[in-house]
>>> print(open('final-v7.cif').read())   # mmCIF, C-alpha atoms
data_upload
#
loop_
_atom_site.label_atom_id
_atom_site.label_comp_id
_atom_site.auth_asym_id
_atom_site.auth_seq_id
_atom_site.Cartn_x
_atom_site.Cartn_y
_atom_site.Cartn_z
CA MET A 1 17.81 12.84 -16.73
CA GLU A 2 14.36 12.89 -15.20
CA GLN A 3 13.34 10.06 -17.52
CA PHE A 4 16.31 7.97 -16.44
CA PHE A 5 15.43 8.35 -12.77
CA PHE A 6 11.76 7.71 -13.45
CA PHE A 7 12.49 4.42 -15.20
CA LEU A 8 14.97 3.45 -12.49
CA PHE A 9 12.46 4.06 -9.67
CA ALA A 10 9.53 2.57 -11.58
CA ALA A 11 11.46 -0.61 -12.38
CA GLY A 12 12.62 -0.81 -8.77
CA ALA A 13 9.09 -0.41 -7.43
CA VAL A 14 7.61 -3.03 -9.74
CA ILE A 15 10.40 -5.57 -9.21
CA SER A 16 10.36 -5.25 -5.43
CA ALA A 17 6.54 -5.48 -5.44
CA LEU A 18 6.85 -8.72 -7.43
CA LEU A 19 9.33 -9.99 -4.83
CA VAL A 20 6.84 -9.12 -2.06
CA ILE A 21 4.25 -11.47 -3.49
CA SER A 22 6.67 -14.24 -4.42
CA ARG A 23 9.05 -14.73 -1.46
CA ARG A 24 8.36 -17.53 0.98
CA ASN A 25 9.68 -15.97 4.19
CA VAL A 26 7.23 -13.38 5.55
CA MET A 27 10.01 -11.19 6.89
CA HIS A 28 11.64 -10.95 3.47
CA CYS A 29 8.26 -9.95 2.01
CA ALA A 30 7.90 -7.16 4.58
CA LEU A 31 11.40 -5.85 3.89
CA PHE A 32 10.83 -5.85 0.13
CA LEU A 33 7.60 -3.93 0.78
CA VAL A 34 9.66 -1.28 2.60
CA LEU A 35 11.85 -1.12 -0.52
CA THR A 36 8.74 -0.65 -2.67
CA PHE A 37 7.63 2.21 -0.41
CA PHE A 38 10.99 3.91 -0.80
CA PHE A 39 10.83 3.67 -4.58
CA VAL A 40 7.28 5.07 -4.62
CA ALA A 41 8.44 7.90 -2.34
CA ALA A 42 11.20 8.64 -4.87
CA ILE A 43 8.58 8.83 -7.63
CA PHE A 44 6.61 11.26 -5.40
CA VAL A 45 9.69 13.48 -5.30
CA LEU A 46 9.85 13.39 -9.10
CA LEU A 47 6.22 14.54 -9.07
CA LYS A 48 7.12 17.50 -6.83
CA ALA A 49 5.22 16.13 -3.83
CA GLU A 50 8.06 16.33 -1.33
CA PHE A 51 5.87 16.45 1.75
CA LEU A 52 4.05 13.26 0.76
CA ALA A 53 7.38 11.59 0.01
CA ALA A 54 8.50 12.38 3.55
CA VAL A 55 5.20 11.18 5.02
CA GLN A 56 5.45 8.04 2.92
CA VAL A 57 8.85 7.20 4.40
CA LEU A 58 7.93 8.19 7.97
CA VAL A 59 4.43 6.76 8.22
CA TYR A 60 4.45 3.87 5.77
CA ALA A 61 8.02 2.62 5.79
CA GLY A 62 8.39 3.63 9.43
CA ALA A 63 5.26 3.25 11.51
CA ILE A 64 3.07 0.84 9.56
CA MET A 65 5.90 -1.54 8.69
CA VAL A 66 7.04 -1.60 12.33
CA LEU A 67 3.51 -2.72 13.18
CA PHE A 68 3.74 -5.47 10.56
CA THR A 69 7.16 -6.52 11.83
CA PHE A 70 5.90 -6.87 15.38
CA VAL A 71 2.99 -9.03 14.25
CA ILE A 72 5.40 -11.18 12.23
CA PHE A 73 7.45 -11.61 15.42
CA LEU A 74 4.32 -12.65 17.32
CA VAL A 75 3.50 -15.26 14.68
CA HIS A 76 5.72 -18.33 14.56
CA ILE A 77 7.64 -17.88 11.28
CA PRO A 78 8.78 -21.50 10.65
CA ARG A 79 5.17 -22.55 10.98
CA THR A 80 4.04 -19.99 8.40
CA GLU A 81 6.70 -21.23 5.99
CA LYS A 82 4.98 -24.61 5.97
CA ILE A 83 1.87 -22.99 4.53
CA ARG A 84 1.67 -24.14 0.95
CA GLN A 85 2.85 -21.18 -1.05
CA THR A 86 -0.06 -20.66 -3.37
CA PHE A 87 -3.66 -21.49 -3.97
CA ARG A 88 -4.50 -24.21 -6.45
CA GLN A 89 -5.91 -21.63 -8.87
CA LYS A 90 -2.50 -19.93 -9.08
CA ASN A 91 -2.35 -19.84 -12.88
CA LEU A 92 -5.89 -18.53 -13.21
CA ALA A 93 -5.19 -15.84 -10.60
CA LEU A 94 -1.99 -14.75 -12.33
CA ALA A 95 -3.76 -14.60 -15.70
CA LEU A 96 -6.62 -12.55 -14.24
CA GLY A 97 -4.22 -10.19 -12.48
CA LEU A 98 -2.30 -9.66 -15.71
CA LEU A 99 -5.54 -9.08 -17.60
CA LEU A 100 -6.65 -6.52 -15.00
CA GLY A 101 -3.33 -4.70 -15.23
CA LEU A 102 -3.53 -4.58 -19.04
CA GLU A 103 -7.12 -3.35 -18.95
CA VAL A 104 -6.35 -0.55 -16.49
CA ALA A 105 -3.20 0.45 -18.40
CA TYR A 106 -5.08 0.44 -21.71
CA ILE A 107 -7.96 2.56 -20.43
CA LEU A 108 -5.66 5.05 -18.68
CA TYR A 109 -3.36 5.23 -21.69
CA GLY A 110 -6.26 5.81 -24.06
CA THR A 111 -8.11 8.47 -22.08
CA MET A 112 -5.26 10.36 -20.52
CA ALA A 113 -3.01 10.80 -23.53
CA ALA A 114 -4.43 14.30 -23.99
CA PRO A 115 -2.88 16.53 -21.25
CA ALA A 116 0.59 15.22 -21.80
CA SER A 117 2.28 18.55 -21.18
CA LEU A 118 2.82 19.98 -17.73
CA PRO A 119 1.15 23.17 -16.61
CA ALA A 120 3.79 25.85 -16.92
CA ALA A 121 3.88 27.06 -13.33
CA ALA A 122 3.78 24.20 -10.87
CA PRO A 123 1.35 24.96 -8.01
CA VAL A 124 3.92 24.17 -5.41
CA GLY A 125 6.94 25.94 -6.80
CA ALA A 126 6.32 29.41 -5.45
CA VAL A 127 5.63 28.92 -1.75
CA GLY A 128 6.91 25.39 -1.24
CA ASN A 129 5.01 22.15 -1.25
CA THR A 130 4.71 21.67 2.51
CA GLU A 131 3.46 25.18 3.17
CA SER A 132 0.75 25.17 0.50
CA PHE A 133 -0.21 21.65 1.56
CA GLY A 134 -0.61 22.75 5.18
CA VAL A 135 -2.64 25.84 4.27
CA ALA A 136 -5.04 23.72 2.17
CA LEU A 137 -5.28 21.03 4.83
CA PHE A 138 -6.17 23.41 7.66
CA THR A 139 -8.56 25.64 5.72
CA ARG A 140 -10.49 23.89 2.97
CA PHE A 141 -10.05 20.38 4.33
CA LEU A 142 -10.31 21.07 8.05
CA PHE A 143 -13.48 19.02 8.56
CA PRO A 144 -12.16 15.84 6.88
CA PHE A 145 -9.01 16.29 8.94
CA GLU A 146 -11.03 16.21 12.17
CA VAL A 147 -13.09 13.24 10.95
CA VAL A 148 -9.88 11.33 10.24
CA SER A 149 -8.67 11.96 13.78
CA VAL A 150 -11.86 10.35 15.12
CA LEU A 151 -11.31 7.43 12.71
CA LEU A 152 -7.79 6.91 14.07
CA LEU A 153 -9.09 6.96 17.64
CA ALA A 154 -11.73 4.35 16.74
CA ALA A 155 -9.11 2.18 15.03
CA MET A 156 -6.83 2.42 18.06
CA ILE A 157 -9.58 1.36 20.46
CA GLY A 158 -10.68 -1.38 18.06
CA ALA A 159 -7.17 -2.78 17.74
CA ILE A 160 -6.74 -2.89 21.53
CA VAL A 161 -10.12 -4.57 22.06
CA LEU A 162 -9.48 -7.14 19.32
CA ALA A 163 -5.94 -8.06 20.30
CA LYS A 164 -6.17 -8.16 24.10
CA LYS A 165 -6.52 -11.46 25.85
CA GLU A 166 -9.79 -12.32 27.52
CA ILE A 167 -9.69 -11.38 31.18
CA ASP A 168 -10.70 -14.24 33.48
CA ARG A 169 -13.31 -13.25 36.00
CA MET B 1 9.79 15.07 -19.47
CA VAL B 2 7.90 11.98 -18.35
CA PRO B 3 4.29 11.99 -19.61
CA LEU B 4 1.34 11.28 -17.32
CA SER B 5 0.58 7.95 -18.96
CA HIS B 6 3.91 6.51 -17.80
CA TYR B 7 3.07 7.20 -14.16
CA LEU B 8 -0.39 5.71 -14.64
CA ILE B 9 1.04 2.56 -16.20
CA VAL B 10 3.45 2.07 -13.28
CA SER B 11 0.52 2.56 -10.94
CA ALA B 12 -1.61 0.04 -12.87
CA ALA B 13 1.23 -2.47 -12.76
CA LEU B 14 1.61 -2.05 -8.99
CA PHE B 15 -2.15 -2.39 -8.48
CA ALA B 16 -2.29 -5.57 -10.59
CA ILE B 17 0.65 -7.03 -8.62
CA GLY B 18 -1.27 -6.30 -5.42
CA VAL B 19 -4.41 -7.98 -6.76
CA ALA B 20 -2.40 -11.01 -7.86
CA GLY B 21 -0.82 -11.19 -4.40
CA VAL B 22 -4.21 -11.16 -2.66
CA LEU B 23 -5.51 -13.86 -5.01
CA VAL B 24 -2.45 -16.11 -5.02
CA ARG B 25 -0.99 -16.09 -1.51
CA ARG B 26 -2.58 -17.84 1.45
CA ASN B 27 -0.58 -16.33 4.29
CA ALA B 28 -2.84 -13.67 5.83
CA ILE B 29 0.08 -11.31 6.58
CA ILE B 30 1.26 -11.37 2.96
CA ILE B 31 -2.30 -10.69 1.81
CA PHE B 32 -2.17 -7.58 3.99
CA LEU B 33 1.15 -6.56 2.47
CA SER B 34 -0.44 -6.89 -0.99
CA ILE B 35 -3.29 -4.61 0.08
CA GLU B 36 -0.71 -2.01 1.08
CA ILE B 37 0.82 -2.30 -2.41
CA MET B 38 -2.60 -1.59 -3.93
CA LEU B 39 -3.13 1.46 -1.69
CA ASN B 40 0.27 2.76 -2.73
CA ALA B 41 -0.56 2.30 -6.40
CA VAL B 42 -3.70 4.40 -5.97
CA ASN B 43 -1.71 7.05 -4.08
CA LEU B 44 0.69 7.23 -7.00
CA THR B 45 -2.23 7.84 -9.37
CA PHE B 46 -3.56 10.64 -7.17
CA VAL B 47 -0.20 12.37 -6.94
CA ALA B 48 0.40 12.07 -10.69
CA PHE B 49 -2.99 13.60 -11.48
CA SER B 50 -2.44 16.30 -8.87
CA ARG B 51 0.79 17.25 -10.63
CA PHE B 52 -0.60 17.20 -14.15
CA LEU B 53 -3.95 18.86 -13.38
CA ASP B 54 -2.24 21.56 -11.32
CA SER B 55 -4.25 20.99 -8.14
CA LEU B 56 -3.29 20.20 -4.56
CA SER B 57 -6.49 18.26 -3.78
CA GLY B 58 -4.97 15.04 -5.08
CA GLN B 59 -2.12 15.30 -2.58
CA ILE B 60 -4.52 16.05 0.27
CA ILE B 61 -6.53 12.93 -0.47
CA VAL B 62 -3.34 10.86 -0.51
CA PHE B 63 -2.73 12.15 3.01
CA PHE B 64 -6.16 10.89 4.06
CA VAL B 65 -5.64 7.56 2.27
CA MET B 66 -2.43 7.10 4.27
CA THR B 67 -4.34 7.75 7.50
CA VAL B 68 -7.03 5.25 6.59
CA ALA B 69 -4.30 2.74 5.63
CA ALA B 70 -2.74 3.15 9.07
CA ALA B 71 -6.11 2.52 10.74
CA GLU B 72 -6.75 -0.46 8.47
CA ALA B 73 -3.34 -1.96 9.20
CA ALA B 74 -3.83 -1.59 12.97
CA VAL B 75 -7.26 -3.24 13.01
CA GLY B 76 -6.33 -5.90 10.45
CA LEU B 77 -3.18 -6.92 12.27
CA ALA B 78 -5.13 -7.12 15.53
CA ILE B 79 -7.54 -9.49 13.75
CA ILE B 80 -4.58 -11.58 12.49
CA VAL B 81 -3.16 -11.78 16.01
CA SER B 82 -6.46 -12.98 17.46
CA ILE B 83 -6.91 -15.51 14.62
CA TYR B 84 -3.39 -16.81 15.29
CA ARG B 85 -4.20 -17.10 18.99
CA ASN B 86 -7.27 -19.22 18.23
CA ARG B 87 -6.00 -21.36 15.34
CA GLU B 88 -2.21 -21.40 15.75
CA SER B 89 -2.01 -20.52 12.04
CA VAL B 90 -2.29 -17.58 9.67
CA ASP B 91 -3.30 -19.76 6.70
CA VAL B 92 -6.45 -18.18 5.30
CA ASP B 93 -7.60 -21.58 4.00
CA ARG B 94 -7.95 -22.72 7.60
CA VAL B 95 -10.18 -19.79 8.54
CA ASN B 96 -13.29 -21.34 7.05
CA LEU B 97 -15.94 -21.25 9.77
CA LEU B 98 -18.12 -18.97 7.63
CA LYS B 99 -17.87 -21.29 4.61
CA GLY B 100 -21.37 -22.23 3.50
#
>>> encode(input="final-v7.cif", output="C-alpha cells")
Amino acid sequence: MEQFFFFLFAAGAVISALLVISRRNVMHCALFLVLTFFFVAAIFVLLKAEFLAAVQVLVYAGAIMVLFTFVIFLVHIPRTEKIRQTFRQKNLALALGLLLGLEVAYILYGTMAAPASLPAAAPVGAVGNTESFGVALFTRFLFPFEVVSVLLLAAMIGAIVLAKKEIDR
Amino acid sequence: MVPLSHYLIVSAALFAIGVAGVLVRRNAIIIFLSIEIMLNAVNLTFVAFSRFLDSLSGQIIVFFVMTVAAAEAAVGLAIIVSIYRNRESVDVDRVNLLKG
C-alpha cells in the first residue's frame, strides 16, 4: 500500500515538474508548481514528517506562490508569451540535464543501497513529530533560528528597497 | 516498504528537471520556478535521510532551507519587477548589459 502511494506521488511530482518547465503560459507553470509542492508534501507525510508537510503546503504552496502570482500579475502576460520558448541550445541543455540526473541517481543508488531497512523505532513516533521538532528547534538549534529571523528581516527590507519606485525630489 | 534509494532517485529526477528548466527557459519567472523545484528536491533528500538515519536534524535543516527559499523568492521577485520596469520584458536574453 505504501509503495502504491509512493509511486503515485512520485510520478505526480515528476510529471507536474516537467509541465512546469514546458508550458508556455507563466500562470499555468506557477499552478503546476503548486501541484508539485502538494505531491512533495504527500511524500513528506509518507516519510513521517507531518510538520514539514504542513509547512510545505502553508509556506510554499501558500505564501511563496502567492508572491509569484502577484509578480505574474504585475508582468504583462501576453508579452511574456511572445518570448521565444527556449534557448537555441535546447537539445544540449536537455541532454546535459538528463546526464546530470542519471549521474546523481547512479551515485546515490550505489552508495546508499546499504541502510535499506528502517530503524525499528521511528524517532517521531513516541511524542509526535511536531513536538519533537519544536523541542529540537528551540534548544539545540536556537541560534540558527535567530539568525534566520535576521535573514528574513534583511530580505524584507531588500525587497522593499529594490521594488519601490524612485521618489522624485 | 519503500527503500531509501527510491526517494533519492525521485529527488534526483526533480533536481535534474529544475536544472533543465533553468538552462532551457528564457522567461525569468519560470527560471525562478525551476529554482524552487531544485530546492524542493534537496528538501526531499534531507527528509528521506532524516527518516532513514533516525535523526531529526535533517528535518530542522529543511525548515531553514524553506526560510531561505522564502527570502530568496522575495528578493528575486523584487529584482524581476525592477527589471520589468526598466526593460518592459522578463526575457533573460535581453538583460545583457553585463555581457563582455
>>> resolve_selection(input="final-v7.cif", expression="the PyMOL selection byres ((chain A and resi 100) around 12)", output="MDAnalysis selection string")
(chainID A and resid 93:99 101:107) or (chainID B and resid 9 12:20)
>>> write_last_selection(input="final-v7.cif", atoms="C-alpha atoms", output="PDB file, in the frame of the given file")
ATOM      1  CA  ALA A  93      -5.190 -15.840 -10.600  1.00  0.00           C
ATOM      2  CA  LEU A  94      -1.990 -14.750 -12.330  1.00  0.00           C
ATOM      3  CA  ALA A  95      -3.760 -14.600 -15.700  1.00  0.00           C
ATOM      4  CA  LEU A  96      -6.620 -12.550 -14.240  1.00  0.00           C
ATOM      5  CA  GLY A  97      -4.220 -10.190 -12.480  1.00  0.00           C
ATOM      6  CA  LEU A  98      -2.300  -9.660 -15.710  1.00  0.00           C
ATOM      7  CA  LEU A  99      -5.540  -9.080 -17.600  1.00  0.00           C
ATOM      8  CA  GLY A 101      -3.330  -4.700 -15.230  1.00  0.00           C
ATOM      9  CA  LEU A 102      -3.530  -4.580 -19.040  1.00  0.00           C
ATOM     10  CA  GLU A 103      -7.120  -3.350 -18.950  1.00  0.00           C
ATOM     11  CA  VAL A 104      -6.350  -0.550 -16.490  1.00  0.00           C
ATOM     12  CA  ALA A 105      -3.200   0.450 -18.400  1.00  0.00           C
ATOM     13  CA  TYR A 106      -5.080   0.440 -21.710  1.00  0.00           C
ATOM     14  CA  ILE A 107      -7.960   2.560 -20.430  1.00  0.00           C
TER      15      ILE A 107
ATOM     16  CA  ILE B   9       1.040   2.560 -16.200  1.00  0.00           C
ATOM     17  CA  ALA B  12      -1.610   0.040 -12.870  1.00  0.00           C
ATOM     18  CA  ALA B  13       1.230  -2.470 -12.760  1.00  0.00           C
ATOM     19  CA  LEU B  14       1.610  -2.050  -8.990  1.00  0.00           C
ATOM     20  CA  PHE B  15      -2.150  -2.390  -8.480  1.00  0.00           C
ATOM     21  CA  ALA B  16      -2.290  -5.570 -10.590  1.00  0.00           C
ATOM     22  CA  ILE B  17       0.650  -7.030  -8.620  1.00  0.00           C
ATOM     23  CA  GLY B  18      -1.270  -6.300  -5.420  1.00  0.00           C
ATOM     24  CA  VAL B  19      -4.410  -7.980  -6.760  1.00  0.00           C
ATOM     25  CA  ALA B  20      -2.400 -11.010  -7.860  1.00  0.00           C
TER      26      ALA B  20
END
>>> resolve_selection(input="final-v7.cif", expression="the PyMOL selection byres ((chain B and resi 56-68) around 9)", output="PyMOL selection string")
(chain A and resi 49+52+55-56+59-60+123-124+132-133+136-137+141+144-145+148-149+151-152) or (chain B and resi 39-40+42-51+53-55+69-73)
>>> resolve_selection(input="final-v7.cif", expression="the PyMOL selection byres ((chain B and resi 95-97) around 12)", output="mmCIF file with C-alpha atoms, in the frame of the given file")
data_model
loop_
_atom_site.group_PDB
_atom_site.id
_atom_site.type_symbol
_atom_site.label_atom_id
_atom_site.label_comp_id
_atom_site.auth_asym_id
_atom_site.auth_seq_id
_atom_site.Cartn_x
_atom_site.Cartn_y
_atom_site.Cartn_z
ATOM 1 C CA ARG B 26 -2.580 -17.840 1.450
ATOM 2 C CA ASN B 27 -0.580 -16.330 4.290
ATOM 3 C CA ALA B 28 -2.840 -13.670 5.830
ATOM 4 C CA ILE B 79 -7.540 -9.490 13.750
ATOM 5 C CA ILE B 80 -4.580 -11.580 12.490
ATOM 6 C CA SER B 82 -6.460 -12.980 17.460
ATOM 7 C CA ILE B 83 -6.910 -15.510 14.620
ATOM 8 C CA TYR B 84 -3.390 -16.810 15.290
ATOM 9 C CA ASN B 86 -7.270 -19.220 18.230
ATOM 10 C CA ARG B 87 -6.000 -21.360 15.340
ATOM 11 C CA GLU B 88 -2.210 -21.400 15.750
ATOM 12 C CA SER B 89 -2.010 -20.520 12.040
ATOM 13 C CA VAL B 90 -2.290 -17.580 9.670
ATOM 14 C CA ASP B 91 -3.300 -19.760 6.700
ATOM 15 C CA VAL B 92 -6.450 -18.180 5.300
ATOM 16 C CA ASP B 93 -7.600 -21.580 4.000
ATOM 17 C CA ARG B 94 -7.950 -22.720 7.600
ATOM 18 C CA LEU B 98 -18.120 -18.970 7.630
ATOM 19 C CA LYS B 99 -17.870 -21.290 4.610
ATOM 20 C CA GLY B 100 -21.370 -22.230 3.500
#
>>> residues_near_point(input="final-v7.cif", point="(12.7, 12.5, -14.7)", cutoff="7 Å", atoms="only C-alpha atoms", output="list in words")
Met1, Glu2, Gln3, Phe4, Phe5, Phe6 and Leu46 of chain A; Met1 and Val2 of chain B
>>> write_last_selection(input="final-v7.cif", atoms="C-alpha atoms", output="PDB file, in the coordinates of the input")
ATOM      1  CA  MET A   1      17.810  12.840 -16.730  1.00  0.00           C
ATOM      2  CA  GLU A   2      14.360  12.890 -15.200  1.00  0.00           C
ATOM      3  CA  GLN A   3      13.340  10.060 -17.520  1.00  0.00           C
ATOM      4  CA  PHE A   4      16.310   7.970 -16.440  1.00  0.00           C
ATOM      5  CA  PHE A   5      15.430   8.350 -12.770  1.00  0.00           C
ATOM      6  CA  PHE A   6      11.760   7.710 -13.450  1.00  0.00           C
ATOM      7  CA  LEU A  46       9.850  13.390  -9.100  1.00  0.00           C
TER       8      LEU A  46
ATOM      9  CA  MET B   1       9.790  15.070 -19.470  1.00  0.00           C
ATOM     10  CA  VAL B   2       7.900  11.980 -18.350  1.00  0.00           C
TER      11      VAL B   2
END
>>> atom_distance(input="final-v7.cif", atom1="atom CA of Val10 of chain B", atom2="atom CA of Ala41 of chain B")
8.0 Å
>>> atom_distance(input="final-v7.cif", atom1="atom CA of Ala30 of chain A", atom2="atom CA of Ala74 of chain B")
15.5 Å
>>> atom_distance(input="final-v7.cif", atom1="atom CA of Glu131 of chain A", atom2="atom CA of Phe44 of chain A")
16.6 Å
>>> closest_residue(input="final-v7.cif", among="A:Val75, A:Leu18, A:Val26, A:Ala61", to="Phe38 of chain A", atoms="all atoms listed in the file")
A:Ala61
